[in-house]
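Asks: Enclosed is the structure file input01.txt (compact mmCIF, C-alpha atoms).
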# COMPACT_ATOMS: atom_id res chain seq x y z
CA MET A 18 15.64 -6.80 -17.77
CA THR A 19 13.97 -10.11 -17.01
CA MET A 20 10.82 -11.26 -18.75
CA LEU A 21 8.78 -10.60 -15.58
CA ASN A 22 10.11 -7.03 -15.35
CA SER A 23 9.24 -6.36 -18.97
CA THR A 24 5.78 -7.90 -18.61
CA LEU A 25 5.05 -5.93 -15.44
CA ALA A 26 6.34 -2.68 -16.98
CA ASN A 27 4.00 -3.22 -19.93
CA PHE A 28 1.00 -3.90 -17.68
CA TYR A 29 1.69 -0.86 -15.50
CA GLU A 30 2.09 1.38 -18.53
CA ARG A 31 -1.02 -0.02 -20.22
CA ASP A 32 -3.22 0.38 -17.15
CA ILE A 33 -1.93 3.80 -16.13
CA ARG A 34 -2.51 5.00 -19.71
CA ARG A 35 -6.04 3.57 -19.52
CA LEU A 36 -6.56 5.36 -16.22
CA ILE A 37 -5.40 8.63 -17.78
CA GLU A 38 -7.83 8.00 -20.64
CA GLU A 39 -10.68 7.39 -18.19
CA ILE A 40 -9.88 10.60 -16.30
CA ASN A 41 -9.85 12.54 -19.56
CA LEU A 42 -13.17 11.00 -20.65
CA PHE A 43 -15.04 12.72 -17.82
CA HIS A 44 -17.00 15.48 -19.56
CA ASP A 45 -17.60 17.33 -16.31
CA GLU A 46 -14.40 17.58 -14.26
CA GLU A 47 -16.46 18.00 -11.09
CA ASN A 48 -17.69 14.41 -11.53
CA LEU A 49 -14.16 13.22 -10.75
CA TRP A 50 -14.97 14.04 -7.13
CA LYS A 51 -18.48 12.55 -6.92
CA THR A 52 -19.67 9.13 -5.89
CA ALA A 53 -22.85 7.22 -6.66
CA GLY A 54 -25.01 4.86 -4.62
CA THR A 55 -23.02 2.86 -2.12
CA ILE A 56 -19.66 3.74 -3.72
CA LYS A 57 -17.65 5.62 -1.11
CA ASN A 58 -14.60 6.81 -3.07
CA SER A 59 -14.62 9.20 -6.00
CA SER A 60 -12.55 8.61 -9.13
CA GLY A 61 -10.28 11.50 -8.18
CA ASN A 62 -9.65 9.99 -4.75
CA LEU A 63 -8.99 6.59 -6.31
CA VAL A 64 -6.35 8.21 -8.52
CA LEU A 65 -4.76 9.89 -5.49
CA HIS A 66 -4.82 6.52 -3.71
CA ILE A 67 -3.11 4.77 -6.64
CA VAL A 68 -0.49 7.51 -6.87
CA GLY A 69 0.12 7.59 -3.12
CA GLY A 70 0.21 3.86 -2.55
CA THR A 71 2.38 3.08 -5.55
CA ASN A 72 4.77 5.95 -4.88
CA TYR A 73 5.22 4.63 -1.37
CA LEU A 74 5.31 0.87 -1.97
CA ILE A 75 7.48 1.00 -5.10
CA GLY A 76 9.02 4.47 -4.92
CA THR A 77 9.94 4.74 -1.25
CA MET A 78 10.45 1.08 -0.45
CA LEU A 79 12.21 -0.10 -3.63
CA ALA A 80 13.46 2.94 -5.56
CA LYS A 81 14.38 4.94 -2.42
CA THR A 82 12.68 8.10 -3.74
CA GLY A 83 11.96 9.49 -0.28
CA TYR A 84 8.23 9.86 -1.02
CA VAL A 85 6.23 10.36 2.18
CA ARG A 86 2.72 8.98 2.06
CA ASN A 87 -0.32 10.37 3.84
CA ARG A 88 -2.88 7.66 3.09
CA ASP A 89 -5.77 9.41 4.86
CA GLN A 90 -5.37 12.49 2.66
CA GLU A 91 -5.69 10.34 -0.48
CA PHE A 92 -9.37 9.92 0.41
CA ILE A 93 -10.03 13.38 1.89
CA ILE A 94 -8.54 15.79 -0.65
CA LYS A 95 -11.01 17.01 -3.29
CA GLY A 96 -10.85 19.21 -6.35
CA VAL A 97 -7.35 18.44 -7.63
CA PRO A 98 -7.40 19.61 -11.26
CA ARG A 99 -7.59 16.87 -13.88
CA THR A 100 -4.33 18.09 -15.40
CA GLU A 101 -2.56 17.58 -12.06
CA LEU A 102 -4.00 14.06 -11.67
CA VAL A 103 -2.76 13.19 -15.16
CA ALA A 104 0.68 14.69 -14.45
CA GLN A 105 0.94 12.62 -11.25
CA LEU A 106 0.00 9.45 -13.15
CA GLU A 107 2.54 10.18 -15.89
CA ALA A 108 5.25 10.71 -13.28
CA LEU A 109 4.20 7.48 -11.58
CA MET A 110 4.49 5.58 -14.84
CA LEU A 111 8.01 6.91 -15.38
CA MET A 112 9.10 6.06 -11.82
CA ILE A 113 7.80 2.49 -12.15
CA SER A 114 9.52 2.00 -15.50
CA LYS A 115 12.85 3.32 -14.20
CA THR A 116 12.60 1.15 -11.09
CA LEU A 117 11.78 -2.03 -12.99
CA ASN A 118 14.68 -1.36 -15.35
CA THR A 119 17.06 -1.67 -12.38
CA PHE A 120 15.79 -5.07 -11.24
CA ASP A 121 17.55 -8.32 -12.07
CA ASP A 122 16.25 -11.77 -11.06
CA GLU A 123 18.01 -11.61 -7.72
CA ARG A 124 16.50 -8.25 -6.78
CA MET A 125 13.10 -9.34 -8.02
CA GLU A 126 13.13 -12.28 -5.61
CA ALA A 127 14.78 -10.44 -2.70
CA GLU A 128 12.66 -9.96 0.39
CA TYR A 129 10.50 -6.82 0.37
CA PRO A 130 11.72 -4.38 3.08
CA ILE A 131 8.48 -4.49 5.13
CA MET A 132 5.76 -7.03 5.86
CA PHE A 133 2.93 -6.99 3.33
CA ASP A 134 -0.41 -8.79 3.65
CA ASP A 135 0.88 -9.80 7.12
CA MET A 136 3.79 -11.82 5.75
CA LYS A 137 7.29 -11.56 4.39
CA VAL A 138 7.18 -11.57 0.60
CA PRO A 139 9.57 -11.10 -2.32
CA ASN A 140 9.67 -7.85 -4.27
CA SER A 141 8.02 -9.65 -7.19
CA TYR A 142 4.94 -10.30 -5.01
CA ILE A 143 4.54 -6.57 -4.32
CA LEU A 144 4.98 -5.62 -7.95
CA ILE A 145 2.39 -8.16 -9.11
CA ARG A 146 -0.01 -7.35 -6.27
CA LEU A 147 0.12 -3.62 -7.02
CA ALA A 148 -0.48 -4.18 -10.74
CA ILE A 149 -3.61 -6.17 -9.85
CA HIS A 150 -4.69 -3.48 -7.39
CA LEU A 151 -4.23 -0.79 -10.06
CA ASN A 152 -6.39 -2.77 -12.45
CA TYR A 153 -9.11 -3.15 -9.79
CA HIS A 154 -9.28 0.60 -9.22
CA LEU A 155 -9.18 1.26 -12.97
CA GLY A 156 -12.40 -0.75 -13.22
CA GLN A 157 -13.96 1.28 -10.41
CA VAL A 158 -13.08 4.58 -12.14
CA ASN A 159 -14.53 3.29 -15.41
CA TYR A 160 -17.75 2.26 -13.66
CA LEU A 161 -18.11 5.57 -11.82
CA ARG A 162 -17.57 7.56 -15.01
CA ARG A 163 -20.28 5.61 -16.81
CA VAL A 164 -22.71 5.93 -13.89
CA LEU A 165 -22.13 9.66 -13.36
CA GLU A 166 -22.10 10.66 -17.02
Take the structure in the file and write it out as structure tokens.
Replies:
Amino acid sequence: MTMLNSTLANFYERDIRRLIEEINLFHDEENLWKTAGTIKNSSGNLVLHIVGGTNYLIGTMLAKTGYVRNRDQEFIIKGVPRTELVAQLEALMLMISKTLNTFDDERMEAEYPIMFDDMKVPNSYILIRLAIHLNYHLGQVNYLRRVLE
């Protein structure tokens, strides 16, 4: 595994574990599905979005898992039990780790199978971009938890 793979795997694992911790810190599980002020997406929906987007962009596109994404449902579905959200995040962490373990430098810099951000990019771009996106949503979940509880 290259240094970038190892670094990315560590960041994904760290931030998904932090997200699991945030989800488990909600005292009232119903608050996972609430918003506050001008915030439009609940913590639960943000988790579904992270799981759906990452399973598609890494799982389907790079690991060939066959995952089929329904992005709209990531923001519509409500009431998924906390234990199921955590299980989905744990499975996501495992899929990412297994995928990154298969990447060498050549595959890391190979062109991503579809356009992203309206341009052709290497696989490494997607993997870095998604890690940043995960961290952004982790901050939103942390903020919502503190506001709601």
Asks: Kindly assemble as JSON lines a list of the stretch 74-93 of chain A residues that lie within 9 Å of stretch 122-145 of chain A, each paired with its nearest atom pair and their distance in Å to one decimal, using all atoms listed in the file, sorted first by chain and then by ascending residue number.
Replies:
{"residue": "A:Leu74", "atom": "CA", "partner": "A:Ile143", "partner_atom": "CA", "distance": 7.8}
{"residue": "A:Ile75", "atom": "CA", "partner": "A:Leu144", "partner_atom": "CA", "distance": 7.6}
{"residue": "A:Met78", "atom": "CA", "partner": "A:Pro130", "partner_atom": "CA", "distance": 6.6}
{"residue": "A:Leu79", "atom": "CA", "partner": "A:Pro130", "partner_atom": "CA", "distance": 8.0}
Asks: Which one of A:Leu109, A:Val158, A:Leu36, A:Ile149 sits closest to A:Thr82 if you count all atoms listed in the file?
Replies: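 The closest residue to A:Thr82 is A:Leu109.
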Asks: Record the distance separating atom CA of A:Gly156 and atom CA of A:Arg88, expressed in Å with one decimal.
Replies: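 Value for the atom CA of A:Gly156-atom CA of A:Arg88 distance: 20.7 Å.
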Asks: Counting all atoms listed in the file, which of A:Arg162, A:His66, A:His154, A:Arg35 gets nearest to A:Glu91?
Replies: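 Among A:Arg162, A:His66, A:His154, A:Arg35, it is A:His66 that comes nearest to A:Glu91.
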Asks: What is the distance, in Å and to one decimal place, between atom CA of A:Asn118 and atom CA of A:Ala26?
Replies: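 Computing it gives 8.6 Å between the two atoms.
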Asks: So, with only C-alpha atoms as the atoms that count, which of A:Val164, A:Lys51, A:Met20, A:Gly61 lies closest to A:Val103?
Replies: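 When distances to A:Val103 are compared using only C-alpha atoms, the smallest one comes from A:Gly61.
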Asks: Pick from A:Val64, A:Leu155, A:Leu165, A:Ala80: nearest to A:Asn48, with all atoms listed in the file counted?
Replies: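 Looking only at the distances to A:Asn48, the closest residue turns out to be A:Leu165.
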Asks: Listed atoms of stretch 62-68 of chain A, axis-aligned box, 3 Å per side: centre and edge lengths to one decimal in Å, as JSON?
Replies:
{"center_x": -5.1, "center_y": 7.4, "center_z": -6.1, "size_x": 15.2, "size_y": 11.2, "size_z": 10.8}
Asks: Grab the atom CA of A:Glu46 to atom CA of A:Thr100 distance for me, in Å with one decimal place.
Replies: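 A separation of 10.1 Å between them.
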Asks: Can you list, as a list in words, every protein, DNA or RNA residue that comes within 12 Å of A:Glu47 when you count all atoms listed in the file, leaving out same-chain residues fewer than 3 positions away?
Replies: Ile40, Phe43, His44, Trp50, Lys51, Thr52, Ser59, Ser60, Gly61, Lys95, Gly96, Val97, Pro98, Arg99, Arg162, Leu165 and Glu166 of chain A
Asks: So, counting all atoms listed in the file, which residue among A:Lys115, A:Lys57, A:Lys81, A:Arg34 is closest to A:Ile93?
Replies: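 Closest residue, counting all atoms listed in the file: A:Lys57.
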Asks: From the set A:Gln90, A:Asn27, A:Asn72, A:Asn58, which residue has the shortest atom-to-atom contact distance to A:Ala108, counting all atoms listed in the file?
Replies: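 For A:Ala108, the nearest of the given residues is A:Asn72.
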Asks: Could you write stretch 124-137 of chain A as a PDB file, in the frame of the given file, with N, CA and C atoms rebuilt where they are missing?
Replies:
ATOM      1  N   ARG A 124      17.217  -9.333  -7.468  1.00  0.00           N
ATOM      2  CA  ARG A 124      16.500  -8.250  -6.780  1.00  0.00           C
ATOM      3  C   ARG A 124      14.999  -8.483  -6.824  1.00  0.00           C
ATOM      4  N   MET A 125      14.526  -9.062  -7.905  1.00  0.00           N
ATOM      5  CA  MET A 125      13.100  -9.340  -8.020  1.00  0.00           C
ATOM      6  C   MET A 125      12.651 -10.312  -6.929  1.00  0.00           C
ATOM      7  N   GLU A 126      13.498 -11.267  -6.603  1.00  0.00           N
ATOM      8  CA  GLU A 126      13.130 -12.280  -5.610  1.00  0.00           C
ATOM      9  C   GLU A 126      13.650 -11.974  -4.209  1.00  0.00           C
ATOM     10  N   ALA A 127      14.326 -10.850  -4.041  1.00  0.00           N
ATOM     11  CA  ALA A 127      14.780 -10.440  -2.700  1.00  0.00           C
ATOM     12  C   ALA A 127      13.569 -10.115  -1.833  1.00  0.00           C
ATOM     13  N   GLU A 128      13.761 -10.221  -0.541  1.00  0.00           N
ATOM     14  CA  GLU A 128      12.660  -9.960   0.390  1.00  0.00           C
ATOM     15  C   GLU A 128      12.297  -8.479   0.395  1.00  0.00           C
ATOM     16  N   TYR A 129      11.009  -8.190   0.303  1.00  0.00           N
ATOM     17  CA  TYR A 129      10.500  -6.820   0.370  1.00  0.00           C
ATOM     18  C   TYR A 129      10.847  -6.248   1.746  1.00  0.00           C
ATOM     19  N   PRO A 130      11.200  -4.957   1.826  1.00  0.00           N
ATOM     20  CA  PRO A 130      11.720  -4.380   3.080  1.00  0.00           C
ATOM     21  C   PRO A 130      10.752  -4.382   4.270  1.00  0.00           C
ATOM     22  N   ILE A 131       9.453  -4.473   4.029  1.00  0.00           N
ATOM     23  CA  ILE A 131       8.480  -4.490   5.130  1.00  0.00           C
ATOM     24  C   ILE A 131       7.485  -5.616   4.905  1.00  0.00           C
ATOM     25  N   MET A 132       6.798  -6.002   5.970  1.00  0.00           N
ATOM     26  CA  MET A 132       5.760  -7.030   5.860  1.00  0.00           C
ATOM     27  C   MET A 132       4.643  -6.487   4.970  1.00  0.00           C
ATOM     28  N   PHE A 133       4.045  -7.371   4.204  1.00  0.00           N
ATOM     29  CA  PHE A 133       2.930  -6.990   3.330  1.00  0.00           C
ATOM     30  C   PHE A 133       1.922  -8.128   3.374  1.00  0.00           C
ATOM     31  N   ASP A 134       0.642  -7.774   3.486  1.00  0.00           N
ATOM     32  CA  ASP A 134      -0.410  -8.790   3.650  1.00  0.00           C
ATOM     33  C   ASP A 134      -0.059  -9.705   4.831  1.00  0.00           C
ATOM     34  N   ASP A 135       0.514  -9.109   5.883  1.00  0.00           N
ATOM     35  CA  ASP A 135       0.880  -9.800   7.120  1.00  0.00           C
ATOM     36  C   ASP A 135       1.885 -10.938   6.943  1.00  0.00           C
ATOM     37  N   MET A 136       2.763 -10.791   5.942  1.00  0.00           N
ATOM     38  CA  MET A 136       3.790 -11.820   5.750  1.00  0.00           C
ATOM     39  C   MET A 136       4.999 -11.222   5.053  1.00  0.00           C
ATOM     40  N   LYS A 137       6.094 -11.941   5.119  1.00  0.00           N
ATOM     41  CA  LYS A 137       7.290 -11.560   4.390  1.00  0.00           C
ATOM     42  C   LYS A 137       7.131 -12.087   2.964  1.00  0.00           C
TER      43      LYS A 137
END
